[in-house]
Amino acid sequence: MSTASRPLRVVAVSGSLTAPSRTTALVEAITEAFGRALPIEPHLIALNELGPHLAGALTRKQLPPEAEEELQRIEAADLLVVATPVYRASFTGLFKYLFDFVDQYALVDTPVLLAATGGSERHALIIEHQLRPLFGFFQSLALPVGVYAHDSDFTDYKISNEQLTERIEKAIERALPLVRSSLVEKETVERTLAGEDVSAE
């Protein structure tokens, strides 16, 4: 299989409403782990910062340029890393509100690594029961292994549990073949649409 010729556009979305944030620390750690395995262009969207720009909008046309720019980054991503704190047994309302504005077909086949943080191990199934169905609606490629982190995995909002680091590495390892394949296919489509001859490759 040929390899991709450009860095991976990785967009990380933290659904946390506060800063500092364990959720943001988690998505940053996952993104950095991808960066050790592949050339990437990372971009972080922190909802505690973006949230005020979403306030009051009922349609995408009502959003200010700051929010529209971030939506376009999500829709153009080669890989999404999304994480939310567990709030009332689900993702935060603002996390869902952001993705309500994403075009229904913009994320088809886009690889998405799912992650979450919570105060109890009982909340770990949020990845399977809440996040995976959401990105199933978008027809995204939800990657096989998600990452759930407990509050005790952090010290001063930094990952301090080696087992969590190992879980992140395992998730990356399982994701890489799918991510690489997705990027090569995406590049082939883009080059074909641009009129390049890719038949001999």
# chains A, B, ... in the order shown; residues from 1 in each chain; ligands from 1
call {"tool": "select_by_dssp", "arguments": {"residues": "chain A", "states": "helix (DSSP H, G or I)", "output": "PyMOL selection string"}}
result
chain A and resi 22-37+47-54+60-62+65-76+93-100+121-137+151-153+162-193
call {"tool": "select_by_dssp", "arguments": {"residues": "region 31-173 of chain A", "states": "strand (DSSP E or B)", "output": "VMD selection string"}}
result
chain A and resid 40 to 46 79 to 85 87 90 111 to 118 141 to 142 147 to 150 154 to 155 158 to 159
call {"tool": "residues_around", "arguments": {"residues": "region 15-26 of chain A", "least_positions_apart": "6", "cutoff": "9 Å", "atoms": "only C-alpha atoms", "output": "number ranges by chain"}}
result
A: 44-49, 51, 82-85, 91-96, 115-118, 147, 149, 151, 154, 156-159
call {"tool": "write_last_selection", "arguments": {"atoms": "N, CA and C atoms", "output": "PDB file, in the first residue's frame"}}
result
ATOM      1  N   LEU A  44      -6.541  21.852  18.420  1.00  0.00           N
ATOM      2  CA  LEU A  44      -7.413  21.591  19.567  1.00  0.00           C
ATOM      3  C   LEU A  44      -8.590  22.571  19.576  1.00  0.00           C
ATOM      4  N   ILE A  45      -9.794  22.007  19.745  1.00  0.00           N
ATOM      5  CA  ILE A  45     -10.984  22.817  19.960  1.00  0.00           C
ATOM      6  C   ILE A  45     -11.444  22.566  21.387  1.00  0.00           C
ATOM      7  N   ALA A  46     -11.333  23.569  22.226  1.00  0.00           N
ATOM      8  CA  ALA A  46     -11.747  23.469  23.627  1.00  0.00           C
ATOM      9  C   ALA A  46     -13.096  24.183  23.782  1.00  0.00           C
ATOM     10  N   LEU A  47     -14.107  23.447  24.176  1.00  0.00           N
ATOM     11  CA  LEU A  47     -15.449  24.023  24.209  1.00  0.00           C
ATOM     12  C   LEU A  47     -15.623  25.076  25.289  1.00  0.00           C
ATOM     13  N   ASN A  48     -14.782  25.068  26.302  1.00  0.00           N
ATOM     14  CA  ASN A  48     -14.878  26.146  27.286  1.00  0.00           C
ATOM     15  C   ASN A  48     -14.500  27.489  26.653  1.00  0.00           C
ATOM     16  N   GLU A  49     -13.705  27.451  25.581  1.00  0.00           N
ATOM     17  CA  GLU A  49     -13.335  28.675  24.865  1.00  0.00           C
ATOM     18  C   GLU A  49     -14.286  28.957  23.712  1.00  0.00           C
ATOM     19  N   GLY A  51     -17.418  27.786  23.345  1.00  0.00           N
ATOM     20  CA  GLY A  51     -18.817  27.825  23.751  1.00  0.00           C
ATOM     21  C   GLY A  51     -19.502  29.175  23.631  1.00  0.00           C
ATOM     22  N   VAL A  82     -12.097  12.895  19.938  1.00  0.00           N
ATOM     23  CA  VAL A  82     -13.159  13.592  20.673  1.00  0.00           C
ATOM     24  C   VAL A  82     -13.262  13.033  22.079  1.00  0.00           C
ATOM     25  N   ALA A  83     -13.450  13.933  23.034  1.00  0.00           N
ATOM     26  CA  ALA A  83     -13.590  13.498  24.423  1.00  0.00           C
ATOM     27  C   ALA A  83     -14.556  14.417  25.149  1.00  0.00           C
ATOM     28  N   THR A  84     -15.265  13.847  26.099  1.00  0.00           N
ATOM     29  CA  THR A  84     -16.201  14.615  26.909  1.00  0.00           C
ATOM     30  C   THR A  84     -16.145  14.127  28.345  1.00  0.00           C
ATOM     31  N   PRO A  85     -16.321  15.032  29.297  1.00  0.00           N
ATOM     32  CA  PRO A  85     -16.562  14.550  30.650  1.00  0.00           C
ATOM     33  C   PRO A  85     -17.971  13.978  30.731  1.00  0.00           C
ATOM     34  N   PHE A  91     -22.744  12.817  27.380  1.00  0.00           N
ATOM     35  CA  PHE A  91     -21.799  13.871  27.028  1.00  0.00           C
ATOM     36  C   PHE A  91     -22.383  15.220  27.438  1.00  0.00           C
ATOM     37  N   THR A  92     -21.550  16.230  27.501  1.00  0.00           N
ATOM     38  CA  THR A  92     -22.050  17.555  27.868  1.00  0.00           C
ATOM     39  C   THR A  92     -22.973  18.085  26.770  1.00  0.00           C
ATOM     40  N   GLY A  93     -23.925  18.900  27.162  1.00  0.00           N
ATOM     41  CA  GLY A  93     -24.857  19.472  26.190  1.00  0.00           C
ATOM     42  C   GLY A  93     -24.152  20.300  25.143  1.00  0.00           C
ATOM     43  N   LEU A  94     -23.103  21.008  25.536  1.00  0.00           N
ATOM     44  CA  LEU A  94     -22.379  21.857  24.586  1.00  0.00           C
ATOM     45  C   LEU A  94     -21.632  21.021  23.550  1.00  0.00           C
ATOM     46  N   PHE A  95     -21.133  19.850  23.958  1.00  0.00           N
ATOM     47  CA  PHE A  95     -20.488  18.937  23.020  1.00  0.00           C
ATOM     48  C   PHE A  95     -21.478  18.529  21.938  1.00  0.00           C
ATOM     49  N   LYS A  96     -22.675  18.115  22.347  1.00  0.00           N
ATOM     50  CA  LYS A  96     -23.701  17.727  21.378  1.00  0.00           C
ATOM     51  C   LYS A  96     -24.142  18.922  20.537  1.00  0.00           C
ATOM     52  N   ALA A 115     -13.202   9.185  23.394  1.00  0.00           N
ATOM     53  CA  ALA A 115     -12.640   9.184  24.740  1.00  0.00           C
ATOM     54  C   ALA A 115     -13.585   9.914  25.688  1.00  0.00           C
ATOM     55  N   ALA A 116     -13.417   9.642  26.966  1.00  0.00           N
ATOM     56  CA  ALA A 116     -14.257  10.289  27.975  1.00  0.00           C
ATOM     57  C   ALA A 116     -13.551  10.253  29.318  1.00  0.00           C
ATOM     58  N   THR A 117     -13.969  11.154  30.200  1.00  0.00           N
ATOM     59  CA  THR A 117     -13.467  11.176  31.574  1.00  0.00           C
ATOM     60  C   THR A 117     -14.650  11.186  32.522  1.00  0.00           C
ATOM     61  N   GLY A 118     -14.447  10.624  33.716  1.00  0.00           N
ATOM     62  CA  GLY A 118     -15.531  10.595  34.693  1.00  0.00           C
ATOM     63  C   GLY A 118     -15.022  10.320  36.090  1.00  0.00           C
ATOM     64  N   VAL A 147     -10.970   5.353  24.827  1.00  0.00           N
ATOM     65  CA  VAL A 147     -10.170   5.563  26.035  1.00  0.00           C
ATOM     66  C   VAL A 147     -11.030   6.258  27.087  1.00  0.00           C
ATOM     67  N   ALA A 149     -10.997   7.575  31.062  1.00  0.00           N
ATOM     68  CA  ALA A 149     -10.089   7.917  32.153  1.00  0.00           C
ATOM     69  C   ALA A 149     -10.877   8.327  33.389  1.00  0.00           C
ATOM     70  N   ASP A 151     -10.959  10.067  37.302  1.00  0.00           N
ATOM     71  CA  ASP A 151     -10.320  11.221  37.948  1.00  0.00           C
ATOM     72  C   ASP A 151      -9.002  10.854  38.613  1.00  0.00           C
ATOM     73  N   PHE A 154      -5.273  11.165  37.107  1.00  0.00           N
ATOM     74  CA  PHE A 154      -4.630  12.464  36.903  1.00  0.00           C
ATOM     75  C   PHE A 154      -4.118  13.030  38.227  1.00  0.00           C
ATOM     76  N   ASP A 156      -2.931  16.947  39.331  1.00  0.00           N
ATOM     77  CA  ASP A 156      -2.806  18.343  38.875  1.00  0.00           C
ATOM     78  C   ASP A 156      -3.123  18.463  37.375  1.00  0.00           C
ATOM     79  N   TYR A 157      -4.176  17.766  36.959  1.00  0.00           N
ATOM     80  CA  TYR A 157      -4.685  17.815  35.582  1.00  0.00           C
ATOM     81  C   TYR A 157      -3.679  17.305  34.550  1.00  0.00           C
ATOM     82  N   LYS A 158      -2.786  16.438  35.010  1.00  0.00           N
ATOM     83  CA  LYS A 158      -1.861  15.763  34.107  1.00  0.00           C
ATOM     84  C   LYS A 158      -1.971  14.258  34.353  1.00  0.00           C
ATOM     85  N   ILE A 159      -1.828  13.477  33.280  1.00  0.00           N
ATOM     86  CA  ILE A 159      -1.935  12.027  33.422  1.00  0.00           C
ATOM     87  C   ILE A 159      -0.790  11.508  34.288  1.00  0.00           C
TER      88      ILE A 159
END
call {"tool": "closest_residue", "arguments": {"among": "A:Ala12, A:Leu63, A:Val102, A:Leu143", "to": "Ala171 (chain A)", "atoms": "only C-alpha atoms"}}
result
A:Leu143
call {"tool": "closest_atom_pairs", "arguments": {"of": "region 88-113 of chain A", "to": "region 178-194 of chain A", "cutoff": "9 Å", "atoms": "only C-alpha atoms", "output": "tab-separated table"}}
result
residue	atom	partner	partner_atom	distance
A:Asp109	CA	A:Ser182	CA	7.6
A:Thr110	CA	A:Ser182	CA	7.5
A:Pro111	CA	A:Val179	CA	6.3
call {"tool": "write_last_selection", "arguments": {"atoms": "N, CA and C atoms", "output": "mmCIF file, in the first residue's frame"}}
result
data_model
loop_
_atom_site.group_PDB
_atom_site.id
_atom_site.type_symbol
_atom_site.label_atom_id
_atom_site.label_comp_id
_atom_site.auth_asym_id
_atom_site.auth_seq_id
_atom_site.Cartn_x
_atom_site.Cartn_y
_atom_site.Cartn_z
ATOM 1 N N ASP A 109 -16.959 8.186 6.890
ATOM 2 C CA ASP A 109 -15.694 7.437 6.831
ATOM 3 C C ASP A 109 -14.518 8.134 7.512
ATOM 4 N N THR A 110 -14.742 9.253 8.184
ATOM 5 C CA THR A 110 -13.656 9.906 8.917
ATOM 6 C C THR A 110 -13.349 9.121 10.186
ATOM 7 N N PRO A 111 -12.095 8.725 10.396
ATOM 8 C CA PRO A 111 -11.763 8.016 11.633
ATOM 9 C C PRO A 111 -11.955 8.921 12.853
#
call {"tool": "closest_residue", "arguments": {"among": "A:Val10, A:Leu141, A:Ala37, A:Leu50", "to": "Glu69 (chain A)", "atoms": "only C-alpha atoms"}}
result
A:Leu50
